[in-house]
Amino acid sequence: MTLPQRVALILKRCFAVLHPCLYGGLNGGETGDVGAVARDLEREIAFLALDMDAAQVAQAFVDALPEVHRLINTDVAAAYEGDPAATSPMEVVMAYPGLYAITVHRLAHVLYSLKVPIIPRVMSELAHSKTGIDIHPGATIGERFFIDHGTGVVIGETTTIGEHVKLYQGVTLGAKSFELDEHGNPVKGIKRHPDIEAVNGGRGRRHRRDDRHRTEREALPGCHARRALLPEGRVDGHAHEGAQTPPERGGQRRHLRRRHDPKLE
């Protein structure tokens, strides 16, 4: 098997540990085989990082799984309570791409924090290819995080997301600019992405490094975020090219105009 295939197997076994009633039976009928997770992860770390104590790092990862499980339970609750279409927590776990992506991220973030190379990025890209949600394993995300729909969401490496945050599809938490060194190359290891706290982020948003949103901010759809915040807590911005203009509020009826077709005359 290739490295991504082996990492995908580690993820499947982690899911069986985190949700044994739903993902069990993946390994010859065994449910939640923590030993298999540690063994496979130790082998990959030993192959990729010769200077690391692979057994110690793998054990540290396993020791972190109870906290990962606790955080994921808060994410499930946030999705179930925040989406009127959700019929049960089980549906959220089995069918919501946002929950799948954040679960993979929380696992990858543990390895990133342990300074394990390559494997966290492979995990995040496996989730990205499956869900369309791109979360760098370095991003710090608080509990009760909910990504609704999710396609096109991008969360950068140095992003910090607080508790009770909800994002919709097409939101980019990206860098506004890159600091360059004397050779013109981007400086690595510095803060580049925004901090988000208690925000509802609408589709098409691009939150940049200079933006800090706090306490129930709601992002207008189809806009680039700017620094100014309107009094009612909405983010002021300008529609980017190709974005849809938000419909006017206040109960006004929206009219659809038929496109002219000479063949119908």
# chains A, B, ... in the order shown; residues from 1 in each chain; ligands from 1
call {"tool": "residues_around", "arguments": {"residues": "Ala79 of chain A", "least_positions_apart": "4", "cutoff": "10 Å", "atoms": "only C-alpha atoms", "output": "list in words"}}
result
Asn73, Thr74, Asp75, Asp83, Pro84, Ala85, Ala86, Ser88, Pro89, Val92, Val93, Tyr96, Gly98, Leu99, Arg144, Phe145, Phe146, Ile147, Asp148 and Lys166 of chain A
call {"tool": "write_last_selection", "arguments": {"atoms": "all heavy atoms", "output": "compact mmCIF listing (two decimals), in the first residue's frame"}}
result
# COMPACT_ATOMS: atom_id res chain seq x y z
N ASN A 73 -17.62 14.97 20.42
CA ASN A 73 -18.99 14.91 20.94
C ASN A 73 -19.61 16.30 21.01
O ASN A 73 -20.82 16.46 20.76
CB ASN A 73 -19.00 14.26 22.32
CG ASN A 73 -18.89 12.75 22.25
OD1 ASN A 73 -19.13 12.14 21.21
ND2 ASN A 73 -18.51 12.13 23.36
N THR A 74 -18.82 17.32 21.34
CA THR A 74 -19.36 18.68 21.34
C THR A 74 -19.65 19.15 19.92
O THR A 74 -20.61 19.89 19.70
CB THR A 74 -18.39 19.67 22.02
OG1 THR A 74 -17.23 19.88 21.21
CG2 THR A 74 -17.96 19.17 23.40
N ASP A 75 -18.84 18.70 18.95
CA ASP A 75 -19.08 19.06 17.55
C ASP A 75 -20.36 18.41 17.04
O ASP A 75 -21.14 19.02 16.30
CB ASP A 75 -17.90 18.62 16.68
CG ASP A 75 -16.58 19.25 17.10
OD1 ASP A 75 -16.60 20.39 17.59
OD2 ASP A 75 -15.54 18.59 16.93
N ASP A 83 -28.64 22.51 13.22
CA ASP A 83 -29.18 22.25 11.88
C ASP A 83 -30.58 21.65 12.03
O ASP A 83 -30.72 20.51 12.47
CB ASP A 83 -28.27 21.29 11.12
CG ASP A 83 -28.74 21.08 9.68
OD1 ASP A 83 -29.74 21.70 9.28
OD2 ASP A 83 -28.08 20.30 8.96
N PRO A 84 -31.62 22.36 11.63
CA PRO A 84 -32.98 21.81 11.76
C PRO A 84 -33.22 20.58 10.89
O PRO A 84 -34.18 19.85 11.12
CB PRO A 84 -33.87 22.99 11.33
CG PRO A 84 -32.99 23.87 10.50
CD PRO A 84 -31.61 23.73 11.08
N ALA A 85 -32.34 20.35 9.90
CA ALA A 85 -32.50 19.18 9.04
C ALA A 85 -31.94 17.91 9.67
O ALA A 85 -32.22 16.81 9.19
CB ALA A 85 -31.82 19.42 7.69
N ALA A 86 -31.14 18.05 10.73
CA ALA A 86 -30.54 16.88 11.38
C ALA A 86 -31.59 16.15 12.20
O ALA A 86 -32.23 16.73 13.07
CB ALA A 86 -29.39 17.31 12.27
N SER A 88 -30.94 13.18 13.94
CA SER A 88 -30.36 12.49 15.09
C SER A 88 -28.86 12.72 15.11
O SER A 88 -28.25 13.01 14.07
CB SER A 88 -30.64 10.98 15.01
OG SER A 88 -29.92 10.40 13.93
N PRO A 89 -28.22 12.58 16.28
CA PRO A 89 -26.76 12.65 16.33
C PRO A 89 -26.10 11.58 15.46
O PRO A 89 -25.04 11.81 14.89
CB PRO A 89 -26.45 12.45 17.81
CG PRO A 89 -27.67 12.92 18.53
CD PRO A 89 -28.81 12.53 17.64
N VAL A 92 -25.69 12.81 12.01
CA VAL A 92 -24.57 13.76 11.92
C VAL A 92 -23.25 13.01 11.77
O VAL A 92 -22.42 13.34 10.93
CB VAL A 92 -24.54 14.67 13.17
CG1 VAL A 92 -23.27 15.52 13.18
CG2 VAL A 92 -25.78 15.56 13.21
N VAL A 93 -23.05 11.98 12.59
CA VAL A 93 -21.79 11.23 12.56
C VAL A 93 -21.62 10.50 11.25
O VAL A 93 -20.53 10.47 10.67
CB VAL A 93 -21.73 10.23 13.74
CG1 VAL A 93 -20.50 9.34 13.63
CG2 VAL A 93 -21.71 10.99 15.06
N TYR A 96 -22.65 13.68 7.77
CA TYR A 96 -22.29 15.09 7.63
C TYR A 96 -20.82 15.24 7.26
O TYR A 96 -19.95 14.88 8.06
CB TYR A 96 -22.60 15.85 8.93
CG TYR A 96 -24.04 16.30 9.03
CD1 TYR A 96 -25.08 15.41 8.77
CD2 TYR A 96 -24.36 17.60 9.38
CE1 TYR A 96 -26.39 15.81 8.86
CE2 TYR A 96 -25.68 18.01 9.48
CZ TYR A 96 -26.70 17.11 9.21
OH TYR A 96 -28.01 17.51 9.29
N GLY A 98 -19.02 17.88 7.18
CA GLY A 98 -18.33 18.79 8.10
C GLY A 98 -17.84 18.08 9.34
O GLY A 98 -16.72 18.33 9.82
N LEU A 99 -18.64 17.17 9.87
CA LEU A 99 -18.24 16.42 11.05
C LEU A 99 -17.09 15.48 10.73
O LEU A 99 -16.15 15.32 11.51
CB LEU A 99 -19.44 15.64 11.61
CG LEU A 99 -19.35 15.04 13.01
CD1 LEU A 99 -18.62 13.71 13.04
CD2 LEU A 99 -18.72 16.02 14.02
N ARG A 144 -17.41 22.60 20.03
CA ARG A 144 -18.70 22.94 19.42
C ARG A 144 -18.49 23.69 18.10
O ARG A 144 -19.05 24.75 17.87
CB ARG A 144 -19.57 23.75 20.37
CG ARG A 144 -20.00 22.96 21.60
CD ARG A 144 -20.98 23.75 22.45
NE ARG A 144 -22.22 24.00 21.73
CZ ARG A 144 -23.25 23.16 21.66
NH1 ARG A 144 -23.20 21.98 22.28
NH2 ARG A 144 -24.34 23.47 20.98
N PHE A 145 -17.69 23.10 17.21
CA PHE A 145 -17.43 23.67 15.89
C PHE A 145 -18.30 22.95 14.87
O PHE A 145 -18.32 21.73 14.82
CB PHE A 145 -15.94 23.51 15.54
CG PHE A 145 -15.57 24.10 14.21
CD1 PHE A 145 -15.94 25.38 13.87
CD2 PHE A 145 -14.83 23.35 13.30
CE1 PHE A 145 -15.57 25.94 12.64
CE2 PHE A 145 -14.46 23.89 12.08
CZ PHE A 145 -14.83 25.18 11.75
N PHE A 146 -19.01 23.73 14.06
CA PHE A 146 -19.94 23.16 13.08
C PHE A 146 -19.69 23.77 11.72
O PHE A 146 -19.72 24.99 11.56
CB PHE A 146 -21.38 23.40 13.53
CG PHE A 146 -22.43 22.93 12.57
CD1 PHE A 146 -22.23 21.81 11.76
CD2 PHE A 146 -23.65 23.59 12.47
CE1 PHE A 146 -23.21 21.38 10.87
CE2 PHE A 146 -24.64 23.15 11.60
CZ PHE A 146 -24.41 22.05 10.79
N ILE A 147 -19.43 22.92 10.72
CA ILE A 147 -19.34 23.34 9.32
C ILE A 147 -20.57 22.81 8.61
O ILE A 147 -20.71 21.60 8.43
CB ILE A 147 -18.06 22.82 8.64
CG1 ILE A 147 -16.82 23.30 9.39
CG2 ILE A 147 -18.01 23.27 7.19
CD1 ILE A 147 -15.52 22.73 8.82
N ASP A 148 -21.47 23.71 8.20
CA ASP A 148 -22.69 23.30 7.52
C ASP A 148 -22.45 23.25 6.03
O ASP A 148 -21.87 24.17 5.46
CB ASP A 148 -23.82 24.29 7.85
CG ASP A 148 -25.19 23.71 7.57
OD1 ASP A 148 -25.27 22.55 7.12
OD2 ASP A 148 -26.19 24.41 7.78
N LYS A 166 -19.75 28.59 13.83
CA LYS A 166 -20.45 27.90 12.74
C LYS A 166 -20.06 28.54 11.42
O LYS A 166 -20.13 29.75 11.26
CB LYS A 166 -21.97 28.00 12.94
CG LYS A 166 -22.79 27.32 11.84
CD LYS A 166 -24.28 27.46 12.15
CE LYS A 166 -25.13 26.77 11.10
NZ LYS A 166 -26.58 26.88 11.40
call {"tool": "residues_around", "arguments": {"residues": "segment 38-47 of chain A", "least_positions_apart": "4", "cutoff": "8 Å", "atoms": "only C-alpha atoms", "output": "list in words"}}
result
Ile10, Val34, Met52, Asp53, Ala54, Ala55, Val57, Ala58, Gln59, Phe61, Val62 and Val116 of chain A
call {"tool": "closest_residue", "arguments": {"among": "A:Asp195, A:Asp134, A:Asp33, A:Asp181", "to": "Pro97 of chain A", "atoms": "only C-alpha atoms"}}
result
A:Asp134
call {"tool": "atom_distance", "arguments": {"atom1": "atom CA of Glu67 of chain A", "atom2": "atom CA of Leu114 of chain A"}}
result
15.0 Å
call {"tool": "closest_residue", "arguments": {"among": "A:Lys188, A:His193, A:His183, A:Lys115", "to": "Thr140 of chain A", "atoms": "only C-alpha atoms"}}
result
A:His193
call {"tool": "closest_residue", "arguments": {"among": "A:Ile72, A:Val153, A:Leu126, A:Ile196", "to": "His19 of chain A", "atoms": "only C-alpha atoms"}}
result
A:Ile72
call {"tool": "residues_around", "arguments": {"residues": "Ser113 of chain A", "least_positions_apart": "5", "cutoff": "10 Å", "atoms": "only C-alpha atoms", "output": "ChimeraX atom specification"}}
result
/A:61,108,120,137-138
call {"tool": "write_last_selection", "arguments": {"atoms": "N, CA and C atoms", "output": "mmCIF file, in the first residue's frame"}}
result
data_model
loop_
_atom_site.group_PDB
_atom_site.id
_atom_site.type_symbol
_atom_site.label_atom_id
_atom_site.label_comp_id
_atom_site.auth_asym_id
_atom_site.auth_seq_id
_atom_site.Cartn_x
_atom_site.Cartn_y
_atom_site.Cartn_z
ATOM 1 N N PHE A 61 -0.150 10.005 21.134
ATOM 2 C CA PHE A 61 -1.329 10.171 20.286
ATOM 3 C C PHE A 61 -2.508 9.374 20.850
ATOM 4 N N ALA A 108 -5.483 14.840 13.222
ATOM 5 C CA ALA A 108 -4.272 15.344 12.579
ATOM 6 C C ALA A 108 -3.604 16.424 13.422
ATOM 7 N N PRO A 120 0.182 14.269 9.305
ATOM 8 C CA PRO A 120 -0.971 15.159 9.500
ATOM 9 C C PRO A 120 -1.482 15.777 8.204
ATOM 10 N N PRO A 137 -3.772 21.025 9.327
ATOM 11 C CA PRO A 137 -3.696 20.410 10.664
ATOM 12 C C PRO A 137 -3.152 21.325 11.743
ATOM 13 N N GLY A 138 -2.520 22.432 11.368
ATOM 14 C CA GLY A 138 -2.007 23.364 12.372
ATOM 15 C C GLY A 138 -3.059 24.282 12.954
#
call {"tool": "closest_residue", "arguments": {"among": "A:Glu182, A:Glu157, A:Asp51, A:Glu143", "to": "His109 of chain A", "atoms": "only C-alpha atoms"}}
result
A:Glu157
call {"tool": "closest_residue", "arguments": {"among": "A:Val37, A:Gly132, A:Ile190, A:Ala139", "to": "Tyr112 of chain A", "atoms": "only C-alpha atoms"}}
result
A:Ala139
call {"tool": "closest_residue", "arguments": {"among": "A:Leu71, A:Ala77, A:Met123, A:Ala64", "to": "Lys12 of chain A", "atoms": "only C-alpha atoms"}}
result
A:Met123
call {"tool": "atom_distance", "arguments": {"atom1": "atom CA of Ile155 of chain A", "atom2": "atom CA of Pro4 of chain A"}}
result
21.3 Å
